[in-house]
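*Asks:* Data file model35.cif (mmCIF, C-alpha atoms) is appended below.
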```cif
data_query
loop_
_atom_site.label_atom_id
_atom_site.label_comp_id
_atom_site.auth_asym_id
_atom_site.auth_seq_id
_atom_site.Cartn_x
_atom_site.Cartn_y
_atom_site.Cartn_z
CA MET A 1 -109.48 94.44 98.31
CA PRO A 2 -106.22 96.43 98.77
CA PRO A 3 -105.47 98.54 95.67
CA GLU A 4 -102.30 96.59 94.86
CA LYS A 5 -104.27 93.31 94.84
CA HIS A 6 -106.07 94.42 91.66
CA HIS A 7 -102.74 94.02 89.86
CA LEU A 8 -102.92 90.29 90.54
CA GLU A 9 -106.12 89.68 88.58
CA LEU A 10 -104.13 88.95 85.42
CA TYR A 11 -102.06 86.27 87.10
CA PHE A 12 -104.56 84.45 89.33
CA SER A 13 -108.14 83.17 89.13
CA ASP A 14 -110.89 84.62 91.35
CA LEU A 15 -110.69 81.53 93.54
CA GLU A 16 -106.92 81.86 93.91
CA LEU A 17 -107.17 85.60 94.60
CA ARG A 18 -109.37 84.95 97.63
CA LYS A 19 -106.60 82.86 99.18
CA LEU A 20 -103.80 85.38 98.61
CA ARG A 21 -102.24 87.68 101.14
CA ILE A 22 -100.04 90.60 100.13
CA GLU A 23 -97.44 92.59 102.08
CA GLN A 24 -95.27 95.49 100.96
CA VAL A 25 -91.52 94.87 101.13
CA ALA A 26 -88.68 97.37 101.30
CA GLY A 27 -87.69 98.74 97.91
CA ASP A 28 -84.63 100.51 96.57
CA ALA A 29 -83.78 104.13 95.79
CA SER A 30 -86.32 104.27 92.95
CA SER A 31 -90.02 104.80 92.27
CA ARG A 32 -90.69 101.06 92.10
CA GLU A 33 -92.84 99.36 94.75
CA TYR A 34 -92.51 95.70 95.73
CA PHE A 35 -95.01 93.37 97.37
CA ARG A 36 -94.66 89.79 98.55
CA VAL A 37 -97.67 87.72 97.51
CA PHE A 38 -98.50 84.75 99.76
CA SER A 39 -100.59 81.73 98.82
CA PRO A 40 -100.98 78.63 101.00
CA GLU A 41 -98.34 76.88 98.86
CA LYS A 42 -95.76 79.48 97.77
CA THR A 43 -94.86 83.14 97.39
CA TRP A 44 -94.11 85.58 94.56
CA ILE A 45 -92.91 89.16 94.24
CA LEU A 46 -95.15 91.75 92.60
CA CYS A 47 -93.31 94.79 91.24
CA ILE A 48 -95.26 97.95 90.44
CA ASP A 49 -92.97 99.95 88.18
CA PRO A 50 -94.39 103.29 86.93
CA ASP A 51 -91.65 103.51 84.29
CA PHE A 52 -92.88 100.25 82.74
CA GLY A 53 -96.35 101.65 82.08
CA SER A 54 -95.05 104.86 80.55
CA PHE A 55 -92.18 103.32 78.58
CA PRO A 56 -92.56 104.25 74.89
CA SER A 57 -91.19 100.98 73.50
CA ALA A 58 -92.18 97.34 73.84
CA HIS A 59 -88.54 96.57 74.72
CA TYR A 60 -88.63 97.41 78.41
CA PRO A 61 -85.08 97.22 79.86
CA PHE A 62 -85.90 95.06 82.89
CA LEU A 63 -87.64 92.41 80.78
CA GLU A 64 -85.13 92.54 77.91
CA ILE A 65 -82.14 92.22 80.21
CA GLN A 66 -83.78 89.53 82.34
CA ARG A 67 -84.18 87.42 79.20
CA LEU A 68 -80.59 88.12 78.12
CA LEU A 69 -79.14 87.14 81.49
CA THR A 70 -81.31 84.01 81.71
CA ARG A 71 -80.14 82.90 78.24
CA ASN A 72 -76.55 83.27 79.40
CA SER A 73 -76.98 81.34 82.67
CA VAL A 74 -76.65 84.37 84.91
CA PRO A 75 -78.94 83.70 87.92
CA VAL A 76 -81.85 86.15 88.04
CA PRO A 77 -85.47 85.74 89.20
CA LYS A 78 -87.87 84.22 86.67
CA VAL A 79 -90.58 86.48 85.28
CA ILE A 80 -94.00 84.87 85.75
CA GLY A 81 -95.85 87.53 83.77
CA SER A 82 -96.13 91.25 83.08
CA ARG A 83 -98.82 93.75 82.14
CA LYS A 84 -97.81 97.13 80.76
CA SER A 85 -101.27 98.67 81.15
CA ASP A 86 -100.99 98.66 84.94
CA SER A 87 -97.19 98.71 85.24
CA SER A 88 -97.04 95.32 86.95
CA ILE A 89 -94.47 92.53 86.77
CA LEU A 90 -94.86 89.28 88.72
CA ILE A 91 -91.56 87.56 89.43
CA GLU A 92 -90.20 84.56 91.26
CA ASP A 93 -89.61 85.06 94.98
CA CYS A 94 -85.96 84.23 95.70
CA GLY A 95 -86.17 85.18 99.37
CA ASN A 96 -84.97 88.20 101.27
CA ILE A 97 -81.49 87.21 102.43
CA LEU A 98 -78.97 89.64 100.96
CA LEU A 99 -75.23 89.20 100.59
CA GLN A 100 -75.06 92.12 103.04
CA ASP A 101 -76.79 89.93 105.65
CA MET A 102 -74.35 87.04 105.16
CA ILE A 103 -71.11 88.86 105.99
CA SER A 104 -69.72 87.24 109.13
CA ALA A 105 -66.62 87.01 111.31
CA ASP A 106 -65.62 83.89 109.36
CA PRO A 107 -63.11 85.01 106.68
CA PHE A 108 -63.29 81.68 104.84
CA ARG A 109 -67.08 81.92 104.49
CA ASN A 110 -66.81 85.54 103.33
CA ALA A 111 -64.20 84.61 100.74
CA GLN A 112 -66.45 81.83 99.42
CA LEU A 113 -69.39 84.21 99.04
CA TYR A 114 -67.37 86.96 97.38
CA LYS A 115 -65.61 84.57 95.01
CA LYS A 116 -69.04 83.24 94.01
CA SER A 117 -70.17 86.83 93.48
CA ILE A 118 -67.14 87.56 91.32
CA ASP A 119 -67.66 84.33 89.35
CA CYS A 120 -71.21 85.48 88.64
CA MET A 121 -70.03 89.01 87.79
CA THR A 122 -67.47 87.68 85.33
CA ARG A 123 -70.07 85.44 83.68
CA LEU A 124 -72.21 88.54 83.12
CA GLN A 125 -69.19 90.49 81.87
CA SER A 126 -68.53 87.73 79.32
CA ILE A 127 -71.86 88.29 77.53
CA LYS A 128 -71.52 89.70 74.01
CA GLY A 129 -74.18 91.27 71.81
CA LYS A 130 -74.94 93.61 68.94
CA GLN A 131 -73.86 97.19 69.58
CA ASP A 132 -77.22 98.59 68.47
CA LYS A 133 -79.22 96.41 70.89
CA LEU A 134 -80.05 96.92 74.56
CA PRO A 135 -77.99 96.91 76.80
CA PHE A 136 -74.95 96.99 74.51
CA ASN A 137 -75.99 100.36 73.07
CA ARG A 138 -75.57 102.04 76.49
CA SER A 139 -72.25 102.78 78.12
CA PHE A 140 -70.41 104.66 80.81
CA ASP A 141 -69.24 107.29 78.36
CA PRO A 142 -67.98 110.71 79.55
CA GLU A 143 -71.48 112.19 79.26
CA LYS A 144 -72.99 109.53 81.54
CA LEU A 145 -70.19 109.82 84.09
CA MET A 146 -70.43 113.63 84.06
CA PHE A 147 -74.20 113.41 84.52
CA GLU A 148 -73.56 111.42 87.70
CA PHE A 149 -70.84 113.81 88.86
CA ASP A 150 -73.16 116.78 88.25
CA PHE A 151 -75.92 115.03 90.22
CA PHE A 152 -73.47 114.85 93.12
CA ILE A 153 -72.59 118.55 92.78
CA THR A 154 -76.27 119.52 92.74
CA TYR A 155 -77.47 117.45 95.70
CA ALA A 156 -74.38 117.02 97.91
CA ILE A 157 -72.79 120.45 97.47
CA GLU A 158 -74.95 123.15 95.87
CA LYS A 159 -78.33 122.55 97.52
CA PRO A 160 -77.27 121.82 101.12
CA ARG A 161 -74.31 124.20 101.27
CA SER A 162 -74.80 126.81 98.56
CA THR A 163 -72.67 129.45 100.30
CA ARG A 164 -69.69 127.22 101.04
CA LEU A 165 -68.18 126.54 97.63
CA GLN A 166 -66.84 129.48 95.67
CA THR A 167 -67.50 129.73 91.92
CA LEU A 168 -63.80 129.11 91.18
CA GLU A 169 -63.73 125.92 93.28
CA LEU A 170 -66.91 124.67 91.63
CA SER A 171 -65.43 125.31 88.19
CA THR A 172 -62.23 123.51 89.23
CA LEU A 173 -64.23 120.55 90.56
CA ARG A 174 -66.19 120.19 87.32
CA LYS A 175 -62.96 120.44 85.30
CA GLU A 176 -61.37 117.67 87.37
CA PHE A 177 -64.50 115.53 87.08
CA ARG A 178 -64.37 115.95 83.30
CA LYS A 179 -60.73 114.75 83.22
CA ILE A 180 -61.60 111.68 85.29
CA SER A 181 -64.60 110.89 83.06
CA GLU A 182 -62.46 111.08 79.93
CA THR A 183 -59.72 108.91 81.46
CA LEU A 184 -62.30 106.22 82.28
CA PHE A 185 -63.55 106.10 78.69
CA ARG A 186 -61.39 103.16 77.57
CA LYS A 187 -63.79 101.62 75.10
CA GLU A 188 -61.30 98.91 74.09
CA HIS A 189 -61.65 97.48 77.61
CA PHE A 190 -65.44 97.74 77.88
CA VAL A 191 -67.55 94.74 78.93
CA LEU A 192 -71.16 94.40 80.03
CA ASN A 193 -71.78 95.57 83.60
CA HIS A 194 -74.71 94.98 85.94
CA ARG A 195 -74.41 98.66 87.00
CA ASP A 196 -75.34 98.26 90.70
CA TYR A 197 -73.47 95.13 91.71
CA HIS A 198 -73.40 95.64 95.47
CA SER A 199 -74.30 93.56 98.51
CA ARG A 200 -77.97 94.65 98.54
CA ASN A 201 -78.56 93.54 94.95
CA ILE A 202 -77.25 89.99 95.42
CA LEU A 203 -79.64 87.55 97.07
CA VAL A 204 -78.41 84.36 98.73
CA SER A 205 -81.02 81.68 98.06
CA LYS A 206 -80.35 78.10 99.18
CA ASP A 207 -76.59 78.78 99.04
CA ASN A 208 -76.91 80.06 95.48
CA LEU A 209 -76.69 83.68 94.36
CA VAL A 210 -79.46 85.53 92.52
CA LEU A 211 -78.96 88.99 91.01
CA ILE A 212 -81.63 91.68 91.18
CA ASP A 213 -81.96 95.34 90.07
CA PHE A 214 -80.10 94.70 86.80
CA GLN A 215 -82.26 96.84 84.49
CA ASP A 216 -79.62 99.57 84.09
CA ALA A 217 -76.94 97.20 82.73
CA ARG A 218 -74.57 98.87 80.30
CA MET A 219 -71.08 98.72 78.82
CA GLY A 220 -68.12 99.96 80.83
CA LEU A 221 -64.81 99.00 82.36
CA PRO A 222 -64.83 95.60 84.10
CA GLN A 223 -63.73 97.46 87.22
CA TYR A 224 -67.14 99.15 87.47
CA ASP A 225 -68.96 96.14 88.92
CA ALA A 226 -65.86 95.11 90.90
CA VAL A 227 -65.83 98.55 92.53
CA SER A 228 -69.55 98.31 93.33
CA LEU A 229 -68.94 95.01 95.13
CA LEU A 230 -65.60 95.68 96.86
CA LYS A 231 -65.98 99.40 97.68
CA ASP A 232 -69.60 99.01 98.74
CA SER A 233 -71.37 101.78 100.65
CA TYR A 234 -73.32 99.16 102.63
CA VAL A 235 -70.46 96.84 103.64
CA THR A 236 -66.89 97.92 104.43
CA LEU A 237 -64.41 95.14 103.71
CA ASP A 238 -60.89 94.67 105.08
CA GLU A 239 -58.23 96.08 102.72
CA GLN A 240 -56.35 92.77 102.46
CA PHE A 241 -59.61 91.02 101.61
CA VAL A 242 -60.31 93.63 98.92
CA SER A 243 -56.81 93.09 97.50
CA ASP A 244 -57.32 89.31 97.41
CA MET A 245 -60.65 89.74 95.59
CA GLN A 246 -59.11 92.20 93.10
CA HIS A 247 -56.49 89.57 92.25
CA TYR A 248 -59.23 86.95 91.90
CA HIS A 249 -61.30 89.13 89.54
CA TYR A 250 -58.27 90.08 87.45
CA ARG A 251 -57.23 86.43 87.03
CA LEU A 252 -60.76 85.54 85.89
CA LEU A 253 -60.78 88.41 83.39
CA ARG A 254 -57.49 87.20 81.93
CA ALA A 255 -58.57 83.54 81.91
CA ASN A 256 -61.73 84.48 80.00
CA ARG A 257 -59.86 86.83 77.65
CA LEU A 258 -61.94 89.77 78.78
CA THR A 259 -59.04 92.17 79.24
CA ALA A 260 -55.57 92.84 77.88
CA MET A 261 -54.62 95.35 80.59
CA ASP A 262 -51.83 94.49 83.02
CA TYR A 263 -52.47 94.34 86.75
CA ASP A 264 -51.03 97.78 87.49
CA GLU A 265 -53.43 99.31 84.96
CA TYR A 266 -56.27 97.27 86.46
CA LEU A 267 -55.55 98.73 89.91
CA TYR A 268 -55.11 102.27 88.56
CA LEU A 269 -58.46 102.21 86.75
CA PHE A 270 -60.06 100.48 89.75
CA ASP A 271 -59.17 103.46 91.95
CA LEU A 272 -60.41 106.04 89.43
CA MET A 273 -63.60 104.07 88.84
CA ALA A 274 -64.11 103.63 92.59
CA PHE A 275 -63.72 107.37 93.12
CA GLN A 276 -66.35 108.09 90.46
CA ARG A 277 -68.73 105.40 91.73
CA ASN A 278 -68.48 106.49 95.36
CA VAL A 279 -68.95 110.17 94.49
CA LYS A 280 -72.01 109.19 92.45
CA ALA A 281 -73.31 107.20 95.45
CA LEU A 282 -72.82 110.22 97.73
CA GLY A 283 -75.02 112.26 95.40
CA THR A 284 -77.70 109.57 95.59
CA PHE A 285 -77.56 109.36 99.39
CA PHE A 286 -77.78 113.15 99.84
CA HIS A 287 -80.73 113.28 97.43
CA GLN A 288 -82.54 110.40 99.11
CA ALA A 289 -81.87 111.60 102.67
CA TYR A 290 -82.39 115.34 102.35
CA VAL A 291 -84.59 115.90 99.30
CA LEU A 292 -86.84 112.83 99.43
CA GLU A 293 -86.49 112.70 103.24
CA LYS A 294 -85.63 108.99 103.31
CA LYS A 295 -83.42 109.38 106.36
CA GLU A 296 -82.32 105.74 106.34
CA PHE A 297 -79.87 106.63 103.55
CA GLU A 298 -78.05 109.19 105.72
CA GLN A 299 -76.08 106.47 107.53
CA TYR A 300 -74.26 105.49 104.31
CA ILE A 301 -72.72 108.91 103.66
CA THR A 302 -69.86 108.65 106.17
CA PRO A 303 -68.60 105.16 105.16
CA THR A 304 -68.73 106.14 101.48
CA LEU A 305 -66.83 109.36 102.13
CA ALA A 306 -64.23 107.37 104.10
CA TYR A 307 -63.13 105.56 100.94
CA LEU A 308 -61.93 108.72 99.18
CA PRO A 309 -58.63 109.39 101.03
CA GLY A 310 -57.30 105.96 100.00
CA TYR A 311 -57.87 106.63 96.30
CA ILE A 312 -56.36 110.12 96.60
CA SER A 313 -53.21 108.81 98.31
CA ARG A 314 -52.62 106.21 95.59
CA GLN A 315 -53.62 108.31 92.57
CA PRO A 316 -52.36 111.93 92.77
CA GLU A 317 -54.58 113.01 89.86
CA LEU A 318 -57.58 112.59 92.17
CA ALA A 319 -56.14 114.96 94.77
CA THR A 320 -57.64 118.24 93.55
CA ALA A 321 -61.22 116.98 93.25
CA GLY A 322 -60.89 114.78 96.32
CA GLU A 323 -59.64 117.55 98.58
CA ILE A 324 -62.42 119.92 97.47
CA ILE A 325 -65.01 117.22 98.25
CA LEU A 326 -63.51 116.29 101.62
CA ASN A 327 -62.98 119.90 102.70
CA THR A 328 -66.57 120.73 101.78
CA LEU A 329 -68.44 117.68 103.06
CA MET A 330 -66.46 117.19 106.25
CA GLN A 331 -67.20 120.70 107.49
CA PRO A 332 -69.82 120.74 110.26
#
```
Turn the structure described in the file into structure tokens.
*Replies:*
Amino acid sequence: MPPEKHHLELYFSDLELRKLRIEQVAGDASSREYFRVFSPEKTWILCIDPDFGSFPSAHYPFLEIQRLLTRNSVPVPKVIGSRKSDSSILIEDCGNILLQDMISADPFRNAQLYKKSIDCMTRLQSIKGKQDKLPFNRSFDPEKLMFEFDFFITYAIEKPRSTRLQTLELSTLRKEFRKISETLFRKEHFVLNHRDYHSRNILVSKDNLVLIDFQDARMGLPQYDAVSLLKDSYVTLDEQFVSDMQHYHYRLLRANRLTAMDYDEYLYLFDLMAFQRNVKALGTFFHQAYVLEKKEFEQYITPTLAYLPGYISRQPELATAGEIILNTLMQP
């Protein structure tokens, strides 16, 4: 019996186990492993999550947030069962077709899919809860944003090109990152965010959307998830299409009384948030590609970097940090 099949003993009888087939499926940029479990009648997804087994509390974020989203009619896979002792979670199989796979040359079809995605995002952003409970007790505060900026500095700048950036430039970059982080801390505008709301974390199942990888949900600006979707490292969208979807998201926020900001402020904070999110993503891609040697992530560095000049041109306060990044990373 393959080692991973032992995890299924909790969920299936001995007779059922003999009929099962199991195949590993591609995971994400994490330590989790995923397997598709086949029976003659249906399939499931087995997740082996080392963090689940070692988590000190009974309130494991994935399970807590899955229940929260389900209660609030946000489409996520059902949890069939879980066992902390061997770090396993058995969940509903919602297929393997990603939003990323559905982008086509048909602008009407794309608009339908992205409006559905924004509808779903706004439903999630409408969820309220007690500030001392998960995930409402976590936020994109300056410390969290600076942690992500520092991760970028470590893995995209210091490790691969330690001789290129002078101490003064590095100090300037950190100072600019701190200013951006503090500007984005507008707690009066905070809503719940998925945290990784991009085209590889939205499944298209029988023309319906299903969200995955939601365990890091936290409070932040409503632009955070919008940025993840519309300034996606995996799919580059036409600028007019992005503008149309920004308008659509903003109108939904206003209709649901989720924001009091005007549209100019929405766009301003969108650009700052997009800059932060894309810089954070660059740090992740450099770490995955060159430290963990997952070379498939290397291809996403250039399209992510290509977003930065647009933000810099519209928001002069991003110029200092942006130019240091571009001058450093675009050198051969």
*Asks:* As a ChimeraX atom specification, please: the residues near A:Pro40 (cut-off 10 Å, only C-alpha atoms, same-chain neighbours under 3 positions excluded).
*Replies:* /A:16,19-21,43
*Asks:* Find the nearest atom pair between each residue of stretch 103-141 of chain A and stretch 52-73 of chain A for residues within 12 Å, count all atoms listed in the file, give distances in Å to one decimal, sort rows by chain and ascending number, and present the table as a Markdown table.
*Replies:*
```
| residue | atom | partner | partner_atom | distance |
| --- | --- | --- | --- | --- |
| A:Asp119 | CA | A:Ser73 | CA | 11.9 |
| A:Cys120 | CA | A:Ser73 | CA | 9.3 |
| A:Met121 | CA | A:Leu69 | CA | 11.2 |
| A:Thr122 | CA | A:Asn72 | CA | 11.7 |
| A:Arg123 | CA | A:Asn72 | CA | 8.1 |
| A:Leu124 | CA | A:Leu69 | CA | 7.3 |
| A:Gln125 | CA | A:Leu69 | CA | 10.5 |
| A:Ser126 | CA | A:Asn72 | CA | 9.2 |
| A:Ile127 | CA | A:Asn72 | CA | 7.1 |
| A:Lys128 | CA | A:Asn72 | CA | 9.8 |
| A:Gly129 | CA | A:Leu68 | CA | 9.5 |
| A:Lys133 | CA | A:Glu64 | CA | 10.0 |
| A:Leu134 | CA | A:Pro61 | CA | 7.3 |
| A:Pro135 | CA | A:Ile65 | CA | 7.1 |
| A:Phe136 | CA | A:Ile65 | CA | 10.3 |
| A:Asn137 | CA | A:Pro61 | CA | 11.8 |
| A:Arg138 | CA | A:Pro61 | CA | 11.2 |
```
*Asks:* Provide an axis-aligned box for all listed atoms of stretch 279-289 of chain A, padding each side by 8 Å; report its centre and its edge lengths in Å to one decimal, as JSON.
*Replies:*
```
{"center_x": -75.7, "center_y": 110.2, "center_z": 97.6, "size_x": 29.6, "size_y": 22.1, "size_z": 26.2}
```
*Asks:* Please report the interatomic distance between atom CA of A:Ile103 and atom CA of A:Leu230 in Å with one decimal.
*Replies:*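 Going from atom CA of A:Ile103 over to atom CA of A:Leu230, I get 12.7 Å.
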*Asks:* May I ask which of the residues A:Asp262, A:Asp101, A:Asp141, A:Glu169 is the closest one to A:Lys187, counting all atoms listed in the file?
*Replies:*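 Smallest separation from A:Lys187 among the options: A:Asp141.
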*Asks:* Mind checking which residues fall within 10 Å of stretch 142-151 of chain A, counting all atoms listed in the file, ignoring those fewer than 3 positions away in the same chain, and posting them as number ranges by chain?
*Replies:* A: 138-139, 154-158, 173-174, 177-185, 273, 276-277, 279-284, 286-287
*Asks:* Taking into account all atoms listed in the file, which residue in the set A:Ala319, A:Cys94, A:Leu329, A:Ala255 is nearest to A:Thr302?
*Replies:*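 That would be A:Leu329, the residue with the smallest distance to A:Thr302.
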*Asks:* Would you mind putting back N, CA and C atoms on stretch 267-291 of chain A, then writing it out as a PDB file, in the frame of the given file?
*Replies:*
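File produced: result.pdb:
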```
ATOM      1  N   LEU A 267     -55.431  98.074  88.611  1.00  0.00           N
ATOM      2  CA  LEU A 267     -55.550  98.730  89.910  1.00  0.00           C
ATOM      3  C   LEU A 267     -55.713 100.246  89.768  1.00  0.00           C
ATOM      4  N   TYR A 268     -55.003 100.825  88.807  1.00  0.00           N
ATOM      5  CA  TYR A 268     -55.110 102.270  88.560  1.00  0.00           C
ATOM      6  C   TYR A 268     -56.542 102.642  88.170  1.00  0.00           C
ATOM      7  N   LEU A 269     -57.095 101.918  87.203  1.00  0.00           N
ATOM      8  CA  LEU A 269     -58.460 102.210  86.750  1.00  0.00           C
ATOM      9  C   LEU A 269     -59.491 101.832  87.815  1.00  0.00           C
ATOM     10  N   PHE A 270     -59.167 100.832  88.630  1.00  0.00           N
ATOM     11  CA  PHE A 270     -60.060 100.480  89.750  1.00  0.00           C
ATOM     12  C   PHE A 270     -60.215 101.681  90.677  1.00  0.00           C
ATOM     13  N   ASP A 271     -59.097 102.314  91.041  1.00  0.00           N
ATOM     14  CA  ASP A 271     -59.170 103.460  91.950  1.00  0.00           C
ATOM     15  C   ASP A 271     -59.938 104.628  91.347  1.00  0.00           C
ATOM     16  N   LEU A 272     -59.684 104.931  90.077  1.00  0.00           N
ATOM     17  CA  LEU A 272     -60.410 106.040  89.430  1.00  0.00           C
ATOM     18  C   LEU A 272     -61.894 105.728  89.328  1.00  0.00           C
ATOM     19  N   MET A 273     -62.200 104.470  88.981  1.00  0.00           N
ATOM     20  CA  MET A 273     -63.600 104.070  88.840  1.00  0.00           C
ATOM     21  C   MET A 273     -64.286 104.075  90.210  1.00  0.00           C
ATOM     22  N   ALA A 274     -63.555 103.640  91.240  1.00  0.00           N
ATOM     23  CA  ALA A 274     -64.110 103.630  92.590  1.00  0.00           C
ATOM     24  C   ALA A 274     -64.407 105.043  93.073  1.00  0.00           C
ATOM     25  N   PHE A 275     -63.506 105.964  92.767  1.00  0.00           N
ATOM     26  CA  PHE A 275     -63.720 107.370  93.120  1.00  0.00           C
ATOM     27  C   PHE A 275     -65.007 107.877  92.474  1.00  0.00           C
ATOM     28  N   GLN A 276     -65.154 107.621  91.176  1.00  0.00           N
ATOM     29  CA  GLN A 276     -66.350 108.090  90.460  1.00  0.00           C
ATOM     30  C   GLN A 276     -67.610 107.444  91.043  1.00  0.00           C
ATOM     31  N   ARG A 277     -67.562 106.141  91.235  1.00  0.00           N
ATOM     32  CA  ARG A 277     -68.730 105.400  91.730  1.00  0.00           C
ATOM     33  C   ARG A 277     -69.129 105.870  93.132  1.00  0.00           C
ATOM     34  N   ASN A 278     -68.159 106.056  94.009  1.00  0.00           N
ATOM     35  CA  ASN A 278     -68.480 106.490  95.360  1.00  0.00           C
ATOM     36  C   ASN A 278     -69.000 107.923  95.400  1.00  0.00           C
ATOM     37  N   VAL A 279     -68.441 108.796  94.568  1.00  0.00           N
ATOM     38  CA  VAL A 279     -68.950 110.170  94.490  1.00  0.00           C
ATOM     39  C   VAL A 279     -70.388 110.158  93.974  1.00  0.00           C
ATOM     40  N   LYS A 280     -70.638 109.337  92.963  1.00  0.00           N
ATOM     41  CA  LYS A 280     -72.010 109.190  92.450  1.00  0.00           C
ATOM     42  C   LYS A 280     -72.942 108.709  93.566  1.00  0.00           C
ATOM     43  N   ALA A 281     -72.489 107.730  94.358  1.00  0.00           N
ATOM     44  CA  ALA A 281     -73.310 107.200  95.450  1.00  0.00           C
ATOM     45  C   ALA A 281     -73.591 108.281  96.497  1.00  0.00           C
ATOM     46  N   LEU A 282     -72.603 109.124  96.774  1.00  0.00           N
ATOM     47  CA  LEU A 282     -72.820 110.220  97.730  1.00  0.00           C
ATOM     48  C   LEU A 282     -73.941 111.136  97.250  1.00  0.00           C
ATOM     49  N   GLY A 283     -73.943 111.445  95.955  1.00  0.00           N
ATOM     50  CA  GLY A 283     -75.020 112.260  95.400  1.00  0.00           C
ATOM     51  C   GLY A 283     -76.377 111.621  95.611  1.00  0.00           C
ATOM     52  N   THR A 284     -76.440 110.306  95.389  1.00  0.00           N
ATOM     53  CA  THR A 284     -77.700 109.570  95.590  1.00  0.00           C
ATOM     54  C   THR A 284     -78.136 109.621  97.051  1.00  0.00           C
ATOM     55  N   PHE A 285     -77.200 109.384  97.972  1.00  0.00           N
ATOM     56  CA  PHE A 285     -77.560 109.360  99.390  1.00  0.00           C
ATOM     57  C   PHE A 285     -78.015 110.740  99.886  1.00  0.00           C
ATOM     58  N   PHE A 286     -77.343 111.803  99.450  1.00  0.00           N
ATOM     59  CA  PHE A 286     -77.780 113.150  99.840  1.00  0.00           C
ATOM     60  C   PHE A 286     -79.177 113.442  99.291  1.00  0.00           C
ATOM     61  N   HIS A 287     -79.421 113.048  98.042  1.00  0.00           N
ATOM     62  CA  HIS A 287     -80.730 113.280  97.430  1.00  0.00           C
ATOM     63  C   HIS A 287     -81.820 112.509  98.168  1.00  0.00           C
ATOM     64  N   GLN A 288     -81.547 111.229  98.431  1.00  0.00           N
ATOM     65  CA  GLN A 288     -82.540 110.400  99.110  1.00  0.00           C
ATOM     66  C   GLN A 288     -82.806 110.905 100.536  1.00  0.00           C
ATOM     67  N   ALA A 289     -81.736 111.241 101.255  1.00  0.00           N
ATOM     68  CA  ALA A 289     -81.870 111.600 102.670  1.00  0.00           C
ATOM     69  C   ALA A 289     -82.463 112.985 102.879  1.00  0.00           C
ATOM     70  N   TYR A 290     -82.053 113.945 102.050  1.00  0.00           N
ATOM     71  CA  TYR A 290     -82.390 115.340 102.350  1.00  0.00           C
ATOM     72  C   TYR A 290     -83.396 115.974 101.394  1.00  0.00           C
ATOM     73  N   VAL A 291     -83.573 115.388 100.222  1.00  0.00           N
ATOM     74  CA  VAL A 291     -84.590 115.900  99.300  1.00  0.00           C
ATOM     75  C   VAL A 291     -85.859 115.049  99.415  1.00  0.00           C
TER      76      VAL A 291
END
```
